[in-house]
Structure formats: structure tokens, C-alpha cells
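Asker: This is work03.txt, which holds compact mmCIF, C-alpha atoms:
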# COMPACT_ATOMS: atom_id res chain seq x y z
CA MET A 59 36.89 22.53 6.25
CA ILE A 60 34.17 24.02 8.49
CA SER A 61 31.01 21.96 8.96
CA TYR A 62 27.60 23.51 8.42
CA ALA A 63 26.67 22.76 12.04
CA GLU A 64 29.63 24.80 13.30
CA PHE A 65 28.94 27.56 10.77
CA LYS A 66 25.29 27.84 11.82
CA THR A 67 26.05 27.84 15.54
CA ARG A 68 28.58 30.63 15.19
CA LEU A 69 26.29 32.71 12.99
CA ASN A 70 23.40 32.35 15.43
CA GLU A 71 25.64 33.35 18.33
CA ARG A 72 26.69 36.49 16.48
CA ILE A 73 23.21 37.71 15.48
CA ARG A 74 21.20 36.58 18.51
CA GLU A 75 19.08 39.20 20.21
CA ASP A 76 20.00 38.98 23.89
CA ILE A 77 19.93 41.41 26.83
CA ASP A 78 22.83 43.41 25.41
CA PHE A 79 20.91 43.83 22.17
CA ASN A 80 17.76 44.93 24.02
CA LEU A 81 19.77 47.43 26.07
CA GLU A 82 21.35 48.88 22.96
CA LEU A 83 17.95 49.14 21.27
CA LEU A 84 16.34 50.82 24.27
CA GLU A 85 19.24 53.26 24.72
CA THR A 86 19.03 54.23 21.05
CA VAL A 87 15.31 54.92 21.37
CA ILE A 88 15.71 57.05 24.49
CA ASN A 89 18.63 59.03 23.07
CA ASN A 90 16.89 59.67 19.74
CA PRO A 91 13.13 59.97 20.37
CA ARG A 92 12.48 62.08 17.29
CA ARG A 93 13.72 59.27 15.06
CA TYR A 94 10.69 57.27 16.11
CA THR A 95 7.92 59.84 16.53
CA GLY A 96 6.68 63.04 15.00
CA ILE A 97 4.35 64.10 12.21
CA PHE A 98 7.11 64.13 9.62
CA ARG A 99 7.55 60.33 9.76
CA ILE A 100 5.08 58.22 7.82
CA SER A 101 6.22 55.04 9.64
CA ASN A 102 5.22 54.43 13.22
CA ALA A 103 7.78 53.87 15.97
CA ARG A 104 7.55 50.08 15.86
CA THR A 105 8.17 49.99 12.12
CA LYS A 106 11.22 52.19 12.58
CA LEU A 107 12.46 49.83 15.30
CA ILE A 108 12.19 46.88 12.93
CA GLN A 109 14.29 48.84 10.44
CA ASN A 110 16.93 49.41 13.13
CA VAL A 111 16.97 45.72 14.06
CA THR A 112 17.38 44.76 10.39
CA GLN A 113 20.32 47.14 10.02
CA SER A 114 21.87 45.80 13.21
CA ARG A 115 21.62 42.22 11.95
CA GLU A 116 23.30 43.18 8.66
CA ILE A 117 26.18 44.76 10.58
CA LYS A 118 26.52 41.69 12.79
CA PHE A 119 26.47 39.48 9.69
CA GLY A 120 29.39 41.47 8.30
CA ASP A 121 31.24 40.94 11.59
CA PHE A 122 30.50 37.22 11.41
CA MET A 123 31.89 37.04 7.87
CA GLU A 124 35.12 38.59 9.10
CA ASP A 125 35.35 36.03 11.90
CA ILE A 126 34.65 33.01 9.69
CA VAL A 127 37.14 34.11 7.01
CA THR A 128 39.78 34.58 9.71
CA ASP A 129 39.13 30.99 10.77
CA TYR A 130 39.42 29.71 7.19
CA ILE A 131 42.72 31.58 6.79
CA GLY A 132 44.13 29.91 9.89
CA ARG A 133 42.96 26.49 8.75
CA MET A 134 44.68 27.00 5.40
CA GLY A 135 48.00 27.25 7.21
CA TYR A 136 48.54 30.99 7.39
CA ILE A 137 49.46 32.71 10.66
CA ASN A 138 46.78 35.19 11.74
CA LEU A 139 48.27 38.35 13.26
CA ASP A 140 46.91 40.95 15.66
CA LYS A 141 44.24 42.93 13.81
CA ASN A 142 45.10 46.08 15.73
CA ILE A 143 47.97 46.98 13.45
CA GLY A 144 49.03 50.33 14.94
CA LYS A 145 48.43 54.05 14.47
CA ASP A 146 48.65 56.24 11.40
CA LYS A 147 50.65 59.48 11.23
CA ASN A 148 47.75 61.35 12.89
CA GLY A 149 47.72 58.97 15.83
CA ASP A 150 44.48 57.25 14.83
CA ALA A 151 44.32 53.53 15.60
CA LEU A 152 43.98 51.25 12.58
CA SER A 153 42.36 47.84 12.62
CA ALA A 154 42.53 45.27 9.81
CA ASP A 155 39.67 43.00 8.79
CA GLN A 156 42.24 40.30 8.00
CA VAL A 157 46.00 40.41 8.55
CA PHE A 158 48.13 37.30 8.39
CA ARG A 159 51.53 36.05 7.38
CA LYS A 160 53.23 33.29 5.45
CA ASP A 161 57.00 33.16 5.08
CA ASN A 162 58.17 36.70 4.22
CA THR A 163 54.81 38.01 3.06
CA VAL A 164 52.34 39.91 5.24
CA PHE A 165 48.81 39.82 3.84
CA LEU A 166 46.13 42.45 4.41
CA ILE A 167 42.48 42.10 3.41
CA GLU A 168 40.05 45.00 3.61
CA GLN A 169 36.78 43.08 3.57
CA LYS A 170 33.40 44.52 2.55
CA ILE A 171 30.07 42.87 1.84
CA ARG A 172 29.40 44.71 -1.43
CA ASP A 173 30.71 47.46 -3.69
CA ASP A 174 27.77 49.87 -3.81
CA HIS A 175 29.15 53.03 -2.20
CA ASP A 176 28.66 56.58 -3.39
CA SER A 177 31.54 58.77 -4.56
CA THR A 178 32.32 60.24 -1.13
CA LYS A 179 32.41 56.93 0.69
CA LYS A 180 34.43 55.12 -1.97
CA ARG A 181 37.23 57.68 -1.63
CA GLY A 182 37.25 57.33 2.13
CA GLN A 183 37.31 53.55 1.85
CA TYR A 184 40.34 53.51 -0.39
CA ASP A 185 42.15 56.12 1.71
CA ASN A 186 41.60 53.95 4.78
CA PHE A 187 42.87 50.89 2.91
CA ARG A 188 45.96 52.83 1.77
CA LYS A 189 46.75 53.92 5.33
CA LYS A 190 46.71 50.29 6.43
CA TYR A 191 48.97 48.85 3.74
CA THR A 192 51.34 51.80 4.10
CA LEU A 193 51.58 51.24 7.85
CA LEU A 194 52.21 47.52 7.38
CA ARG A 195 54.94 48.22 4.82
CA ASN A 196 56.67 50.64 7.17
CA ARG A 197 56.44 48.24 10.10
CA ASN A 198 57.65 45.22 8.14
CA PRO A 199 60.65 46.48 6.13
CA ASN A 200 61.88 42.98 5.30
CA CYS A 201 58.54 41.68 4.04
CA LEU A 202 56.43 41.95 0.93
CA ILE A 203 52.96 43.36 1.66
CA ASP A 204 50.13 41.71 -0.26
CA ALA A 205 47.10 44.00 0.19
CA THR A 206 43.61 43.11 -1.05
CA MET A 207 40.36 45.05 -1.11
CA TRP A 208 37.78 42.28 -1.26
CA PHE A 209 34.05 42.60 -1.87
CA ILE A 210 32.26 39.39 -0.91
CA ASP A 211 29.20 39.88 -3.12
CA ASP A 212 30.45 39.78 -6.70
CA GLY A 213 27.05 40.82 -8.05
CA LEU A 214 27.87 44.50 -7.50
CA LYS A 215 31.01 46.16 -8.90
CA LYS A 216 29.96 49.81 -8.90
CA ASN A 217 33.38 51.30 -8.21
CA LYS A 218 35.70 48.63 -9.58
CA ASN A 219 37.37 50.93 -12.12
CA TYR A 220 37.92 53.62 -9.50
CA TYR A 221 39.55 51.22 -7.04
CA LYS A 222 41.78 49.71 -9.71
CA SER A 223 42.90 53.15 -10.90
CA GLU A 224 43.68 54.19 -7.31
CA ALA A 225 45.70 50.99 -6.84
CA ILE A 226 47.82 51.94 -9.85
CA LYS A 227 48.18 55.63 -8.91
CA ARG A 228 49.05 54.90 -5.29
CA SER A 229 51.35 51.94 -5.83
CA LEU A 230 54.25 51.57 -3.41
CA GLU A 231 57.47 49.62 -3.50
CA ARG A 232 57.12 46.22 -1.77
CA VAL A 233 53.30 46.43 -1.87
CA ASN A 234 51.21 44.26 -4.16
CA ILE A 235 47.62 45.56 -4.40
CA ARG A 236 44.60 43.53 -5.50
CA ILE A 237 40.93 44.46 -6.01
CA LEU A 238 38.94 41.23 -5.84
CA TYR A 239 35.29 40.16 -5.86
CA GLY A 240 33.63 37.00 -4.57
CA ARG A 241 35.40 33.79 -5.50
CA GLU A 242 38.46 35.66 -6.81
CA LEU A 243 39.89 35.90 -3.30
CA PHE A 244 40.04 32.14 -2.95
CA SER A 245 41.01 31.34 -6.54
CA GLU A 246 43.63 34.07 -7.07
CA LEU A 247 45.05 34.69 -3.61
CA PHE A 248 44.71 31.31 -1.91
CA ASN A 249 44.34 28.96 -4.90
CA GLN A 250 41.64 27.11 -2.94
CA GLU A 251 38.35 27.84 -4.70
CA GLU A 252 36.73 24.86 -2.98
CA ILE A 253 36.61 26.91 0.24
CA TRP A 254 34.57 29.59 -1.54
CA ARG A 255 32.16 26.90 -2.73
CA GLU A 256 31.86 25.57 0.82
CA LEU A 257 31.23 29.05 2.22
CA CYS A 258 28.56 29.78 -0.39
CA SER A 259 26.93 26.40 0.24
CA HIS A 260 26.67 27.12 3.96
CA LEU A 261 25.25 30.59 3.31
CA MET A 262 22.68 29.23 0.87
CA GLN A 263 21.57 26.47 3.24
CA ASN A 264 21.19 28.96 6.07
CA LYS A 265 19.23 31.36 3.87
CA MET A 266 16.84 28.58 2.86
CA GLU A 267 16.31 27.66 6.50
CA ARG A 268 15.48 31.29 7.29
CA SER A 269 13.19 31.76 4.27
CA GLN A 270 10.03 31.69 6.42
CA GLU A 271 11.53 33.67 9.28
CA VAL A 272 9.57 36.75 10.35
CA LEU A 273 11.55 39.41 12.16
CA GLU A 274 10.05 40.31 15.51
CA ILE A 275 11.03 42.74 18.23
CA PRO A 276 10.04 42.60 21.90
CA ASP A 277 6.90 44.50 22.85
CA PHE A 278 8.24 47.57 24.64
CA ASP A 279 5.06 47.92 26.67
CA THR A 280 4.65 44.43 28.07
CA SER A 281 7.62 42.11 27.38
CA THR A 282 9.83 40.84 30.19
CA GLU A 283 12.89 41.41 27.97
CA ILE A 284 12.30 45.16 27.77
CA LEU A 285 11.33 45.36 31.44
CA GLU A 286 14.67 43.78 32.34
CA ALA A 287 16.47 46.32 30.15
CA LEU A 288 14.50 49.20 31.68
CA ILE A 289 15.48 48.15 35.20
CA ILE A 290 19.16 47.89 34.22
CA ILE A 291 19.08 51.38 32.69
CA LYS A 292 17.25 52.77 35.73
CA ASN A 293 19.96 51.44 38.06
CA LYS A 294 23.03 52.06 35.90
CA GLU A 295 22.05 55.10 33.83
CA PRO A 296 19.53 57.07 35.91
CA ARG A 297 19.86 60.21 33.78
CA LEU A 298 18.90 58.26 30.67
CA TYR A 299 15.98 56.69 32.49
CA ALA A 300 14.89 60.12 33.73
CA LYS A 301 14.67 61.30 30.13
CA LEU A 302 12.30 58.48 29.25
CA ILE A 303 9.84 59.25 32.05
CA SER A 304 10.13 63.05 31.72
CA ASP A 305 7.36 65.45 30.71
CA LYS A 306 9.18 66.63 27.61
CA PRO A 307 6.83 66.45 24.60
CA GLU A 308 9.06 64.11 22.61
CA TYR A 309 9.13 61.58 25.45
CA ILE A 310 5.40 61.85 26.10
CA GLN A 311 4.88 61.00 22.44
CA LEU A 312 7.48 58.21 22.56
CA ARG A 313 5.76 56.60 25.55
CA ALA A 314 2.38 56.94 23.85
CA GLU A 315 3.63 54.98 20.85
CA LEU A 316 5.88 52.37 22.42
CA PHE A 317 4.60 52.10 26.02
CA SER A 318 0.92 52.68 25.40
CA THR A 319 -0.45 51.14 28.65
CA GLY A 320 2.57 52.07 30.75
CA LYS A 321 2.85 48.55 32.15
CA ASN A 322 6.63 48.19 31.84
CA ILE A 323 7.24 51.82 32.80
CA GLN A 324 5.26 51.39 36.04
CA ALA A 325 6.88 48.03 36.78
CA SER A 326 10.35 49.48 36.31
CA LEU A 327 9.52 52.44 38.57
CA ALA A 328 8.42 50.04 41.29
CA ALA A 329 11.45 47.74 40.91
Show how you would write the structure in this file as C-alpha cells.
Answerer:
Amino acid sequence: MISYAEFKTRLNERIREDIDFNLELLETVINNPRRYTGIFRISNARTKLIQNVTQSREIKFGDFMEDIVTDYIGRMGYINLDKNIGKDKNGDALSADQVFRKDNTVFLIEQKIRDDHDSTKKRGQYDNFRKKYTLLRNRNPNCLIDATMWFIDDGLKKNKNYYKSEAIKRSLERVNIRILYGRELFSELFNQEEIWRELCSHLMQNKMERSQEVLEIPDFDTSTEILEALIIIKNKEPRLYAKLISDKPEYIQLRAELFSTGKNIQASLAA
């Protein structure tokens, strides 16, 4: 249904490290210098940066999986709806990972990569899910609401019993609630398990192609990418830039670790 070439292109577009990524990385460093320096961190600043980049890529991968599943849903003949579904009773805006319609049924999918949350987060996750299916029920009085909490990775089912018990305790009229893992979404909800096999095949092929990939980040001290980001921050966010070049101890230490020769700092000052 979706070729591997298209899948790969869209994934690469989502996780690419461009100027926006470099700006975000640099702003995070400047706003949180103590995360990267200090005697109470065994890792140096560059190692911590690599950790941040890894976390960012995982988040972007989750966003990509939402996008690609939305596309599959449309190609299966469902009508994708606006994911900004409205506000709860406290006025907080709610956004759905997947919301779509067929005939007189509105479908909601709360999509997560894996079920490995601690007790506090699992409660918050289900409460958020409940707010969404309750809002959809109230806004679509003539429709059945089919609401699914779906964990993509079926290798982890840490809180399955909790979610299922909450689904029973918090059941509502005109709302069908499902807790599904991995292939179950496509076999039980869509009755098209071949799409799950295609998705897994694409993911496996991409993982094999990346097996020798080594994560790198731009050199803060000398790279043109970081210099470009520094100049943008200097012009658009002068207060943030002033922090970086200040005489505060935390920024002196930050510059010592990430801008050891001062090449990019001096070039940005002169720009």
C-alpha cells in the first residue's frame, strides 16, 4: 500500500537534522548549561548532547509513526478528521493521534510506541484518553465512538491489566473501548493484517540499513552548522546570545567544554 521508497523518504524527512534542529539544540544548551557541565556529572557535555539528540530522534520517530498510520487509515477508505478535537471541561485543548470516521462510527486511536510507563504516568495516560473519547461522544451524539489505546511495540505489556480494568470501570454508553498491542490494531480493528506486515517489513529494512550508522553531532566549536545557528540566535534572540558569552561561571565552563578554541564564538561576534 505504501512503497518502501516512500516510507524511507518520509522517515528521513522527519528525523533529519537541519538548521531548525541545530537551533533547538543550541537553545537548549544555552538555557540549561548545568545539564551539560559541573562536577556532579560523570559524562562530558558532548556525551550529554548525544543523549539529547538520541531522545529527539525517538520523539520524531513517534511523530513519524503517527503520520504514516494516518496515511494508511486514509488509504484503507476511512475519512481522517481534524486531530484538534476540541477542549475539555477545563478549557484545555485536546489533540488526537488518530481520529477518523466511517459511516456512523467515529474512531479514536491513542497511539504510543510502548507500554512501559510507571504508575503515575499510566494513570495520566488513561485519564487523557478518557477525556478524548468522552469529548468525541458528547460532540457526536448520533455516532458510536470506537476508542482504542494502541501500543505499537507488542513486546512490552507492563500495564495491560490496569488499562483493561480502567476501560471496564470507565465505560460509557455509545463508547466501545479497546486496548490493543502491535498487530492487533490491524487484525481486530481494520481486519487488514497485511498492512501490519508491510509496516513491520519497512521498519525492519530501514533498521538493517541503519545498522552501521554512527550518531554524530556538529562540532560546536568549529562547524559551519553551529556557526549559522549562533548568528541566527545573536540576531533574533540577543538576550539568549548574551547569556552564552557572559562571565557567569556556568557559561564560562560551558564554553570551555563545547567551544574550547572559541572559533565559532569569535566568528559569530564578528558577523
Asker: If you count only C-alpha atoms, which residues fall within 10 Å of Trp208 in chain A, apart from same-chain ones fewer than 5 positions away, as a ChimeraX atom specification?
Answerer: /A:167-173,236-243
Asker: Export, as a PDB file, in the frame of the given file, the selected residues with C-alpha atoms.
Answerer:
ATOM      1  CA  ILE A 167      42.480  42.100   3.410  1.00  0.00           C
ATOM      2  CA  GLU A 168      40.050  45.000   3.610  1.00  0.00           C
ATOM      3  CA  GLN A 169      36.780  43.080   3.570  1.00  0.00           C
ATOM      4  CA  LYS A 170      33.400  44.520   2.550  1.00  0.00           C
ATOM      5  CA  ILE A 171      30.070  42.870   1.840  1.00  0.00           C
ATOM      6  CA  ARG A 172      29.400  44.710  -1.430  1.00  0.00           C
ATOM      7  CA  ASP A 173      30.710  47.460  -3.690  1.00  0.00           C
ATOM      8  CA  ARG A 236      44.600  43.530  -5.500  1.00  0.00           C
ATOM      9  CA  ILE A 237      40.930  44.460  -6.010  1.00  0.00           C
ATOM     10  CA  LEU A 238      38.940  41.230  -5.840  1.00  0.00           C
ATOM     11  CA  TYR A 239      35.290  40.160  -5.860  1.00  0.00           C
ATOM     12  CA  GLY A 240      33.630  37.000  -4.570  1.00  0.00           C
ATOM     13  CA  ARG A 241      35.400  33.790  -5.500  1.00  0.00           C
ATOM     14  CA  GLU A 242      38.460  35.660  -6.810  1.00  0.00           C
ATOM     15  CA  LEU A 243      39.890  35.900  -3.300  1.00  0.00           C
TER      16      LEU A 243
END
Asker: Return the single residue from A:Ile290, A:Ile303, A:Val164, A:Leu193 that is closest to Gly144 in chain A, with distances computed using all atoms listed in the file.
Answerer: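 Comparing A:Ile290, A:Ile303, A:Val164, A:Leu193 against Gly144 in chain A, the winner is A:Leu193.
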Asker: Within 12 Å of (53.9, 51.7, 2.5) in the file's own coordinates, which protein, DNA or RNA residues have an atom, counting all atoms listed in the file? List them as a PyMOL selection string.
Answerer: chain A and resi 146+187-199+201-205+228-235
Asker: Please save C-alpha atoms of the selected residues as a PDB file, in the coordinates of the input.
Answerer:
ATOM      1  CA  ASP A 146      48.650  56.240  11.400  1.00  0.00           C
ATOM      2  CA  PHE A 187      42.870  50.890   2.910  1.00  0.00           C
ATOM      3  CA  ARG A 188      45.960  52.830   1.770  1.00  0.00           C
ATOM      4  CA  LYS A 189      46.750  53.920   5.330  1.00  0.00           C
ATOM      5  CA  LYS A 190      46.710  50.290   6.430  1.00  0.00           C
ATOM      6  CA  TYR A 191      48.970  48.850   3.740  1.00  0.00           C
ATOM      7  CA  THR A 192      51.340  51.800   4.100  1.00  0.00           C
ATOM      8  CA  LEU A 193      51.580  51.240   7.850  1.00  0.00           C
ATOM      9  CA  LEU A 194      52.210  47.520   7.380  1.00  0.00           C
ATOM     10  CA  ARG A 195      54.940  48.220   4.820  1.00  0.00           C
ATOM     11  CA  ASN A 196      56.670  50.640   7.170  1.00  0.00           C
ATOM     12  CA  ARG A 197      56.440  48.240  10.100  1.00  0.00           C
ATOM     13  CA  ASN A 198      57.650  45.220   8.140  1.00  0.00           C
ATOM     14  CA  PRO A 199      60.650  46.480   6.130  1.00  0.00           C
ATOM     15  CA  CYS A 201      58.540  41.680   4.040  1.00  0.00           C
ATOM     16  CA  LEU A 202      56.430  41.950   0.930  1.00  0.00           C
ATOM     17  CA  ILE A 203      52.960  43.360   1.660  1.00  0.00           C
ATOM     18  CA  ASP A 204      50.130  41.710  -0.260  1.00  0.00           C
ATOM     19  CA  ALA A 205      47.100  44.000   0.190  1.00  0.00           C
ATOM     20  CA  ARG A 228      49.050  54.900  -5.290  1.00  0.00           C
ATOM     21  CA  SER A 229      51.350  51.940  -5.830  1.00  0.00           C
ATOM     22  CA  LEU A 230      54.250  51.570  -3.410  1.00  0.00           C
ATOM     23  CA  GLU A 231      57.470  49.620  -3.500  1.00  0.00           C
ATOM     24  CA  ARG A 232      57.120  46.220  -1.770  1.00  0.00           C
ATOM     25  CA  VAL A 233      53.300  46.430  -1.870  1.00  0.00           C
ATOM     26  CA  ASN A 234      51.210  44.260  -4.160  1.00  0.00           C
ATOM     27  CA  ILE A 235      47.620  45.560  -4.400  1.00  0.00           C
TER      28      ILE A 235
END
Asker: Within 7 Å of range 311-315 of chain A, counting only C-alpha atoms, which residues show up once you throw out same-chain ones fewer than 4 positions away? Write them as a list in words, please.
Answerer: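 Counting only the stated atoms, we get Pro91, Thr95, Ala103 and Pro307 of chain A.
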Asker: Take the residues from that selection and put them in a file with C-alpha atoms, as a PDB file, in the coordinates of the input.
Answerer:
ATOM      1  CA  PRO A  91      13.130  59.970  20.370  1.00  0.00           C
ATOM      2  CA  THR A  95       7.920  59.840  16.530  1.00  0.00           C
ATOM      3  CA  ALA A 103       7.780  53.870  15.970  1.00  0.00           C
ATOM      4  CA  PRO A 307       6.830  66.450  24.600  1.00  0.00           C
TER       5      PRO A 307
END
Asker: Find the residues near range 78-80 of chain A: any atom within 9 Å, counting all atoms listed in the file, skip ones fewer than 5 places away on the same chain, and give them as a list of chain:residue names.
Answerer: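 Surrounding residues, per the criterion: A:Glu85, A:Pro276, A:Glu283, A:Ile284, A:Glu286, A:Ala287.
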Asker: Atoms to include: C-alpha atoms. Write the selected residues as a compact mmCIF listing (two decimals), keeping the file's coordinate frame.
Answerer:
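The resulting file, part_4.txt, is reproduced below:
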# COMPACT_ATOMS: atom_id res chain seq x y z
CA GLU A 85 19.24 53.26 24.72
CA PRO A 276 10.04 42.60 21.90
CA GLU A 283 12.89 41.41 27.97
CA ILE A 284 12.30 45.16 27.77
CA GLU A 286 14.67 43.78 32.34
CA ALA A 287 16.47 46.32 30.15
Asker: Closest to Lys179 in chain A among A:Gln113, A:Gln270, A:Asn217, A:Thr128, using only C-alpha atoms?
Answerer: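 The shortest atom-to-atom distance to Lys179 in chain A comes from A:Asn217.
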Asker: Since fewer atoms than expected are present, regenerate N, CA and C atoms for range 263-283 of chain A and write them as a compact mmCIF listing (two decimals), keeping the file's coordinate frame.
Answerer:
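Output (selection.txt):
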# COMPACT_ATOMS: atom_id res chain seq x y z
N GLN A 263 22.36 27.35 2.37
CA GLN A 263 21.57 26.47 3.24
C GLN A 263 20.94 27.27 4.38
N ASN A 264 21.72 28.16 4.97
CA ASN A 264 21.19 28.96 6.07
C ASN A 264 20.08 29.90 5.59
N LYS A 265 20.25 30.46 4.41
CA LYS A 265 19.23 31.36 3.87
C LYS A 265 17.94 30.61 3.60
N MET A 266 18.04 29.39 3.10
CA MET A 266 16.84 28.58 2.86
C MET A 266 16.13 28.26 4.18
N GLU A 267 16.91 27.97 5.21
CA GLU A 267 16.31 27.66 6.50
C GLU A 267 15.62 28.87 7.11
N ARG A 268 16.08 30.07 6.75
CA ARG A 268 15.48 31.29 7.29
C ARG A 268 14.41 31.88 6.37
N SER A 269 14.06 31.18 5.29
CA SER A 269 13.19 31.76 4.27
C SER A 269 11.80 32.12 4.81
N GLN A 270 11.35 31.40 5.84
CA GLN A 270 10.03 31.69 6.42
C GLN A 270 10.13 32.48 7.71
N GLU A 271 11.32 32.95 8.04
CA GLU A 271 11.53 33.67 9.28
C GLU A 271 10.89 35.06 9.20
N VAL A 272 10.18 35.43 10.26
CA VAL A 272 9.57 36.75 10.35
C VAL A 272 10.26 37.49 11.49
N LEU A 273 10.83 38.64 11.17
CA LEU A 273 11.55 39.41 12.16
C LEU A 273 10.60 40.00 13.18
N GLU A 274 10.87 39.77 14.44
CA GLU A 274 10.05 40.31 15.51
C GLU A 274 10.93 41.05 16.51
N ILE A 275 10.34 42.03 17.15
CA ILE A 275 11.03 42.74 18.23
C ILE A 275 10.19 42.63 19.49
N PRO A 276 10.82 42.70 20.66
CA PRO A 276 10.04 42.60 21.90
C PRO A 276 9.03 43.74 22.00
N ASP A 277 7.90 43.46 22.60
CA ASP A 277 6.90 44.50 22.85
C ASP A 277 7.43 45.40 23.97
N PHE A 278 7.67 46.66 23.65
CA PHE A 278 8.24 47.57 24.64
C PHE A 278 7.32 47.75 25.85
N ASP A 279 6.04 47.62 25.62
CA ASP A 279 5.06 47.92 26.67
C ASP A 279 4.87 46.78 27.66
N THR A 280 5.04 45.54 27.21
CA THR A 280 4.65 44.43 28.07
C THR A 280 5.69 43.32 28.23
N SER A 281 6.71 43.26 27.36
CA SER A 281 7.62 42.11 27.38
C SER A 281 8.56 42.13 28.58
N THR A 282 8.89 40.95 29.07
CA THR A 282 9.83 40.84 30.19
C THR A 282 11.23 41.25 29.76
N GLU A 283 11.55 41.05 28.46
CA GLU A 283 12.89 41.41 27.97
C GLU A 283 13.13 42.91 28.09
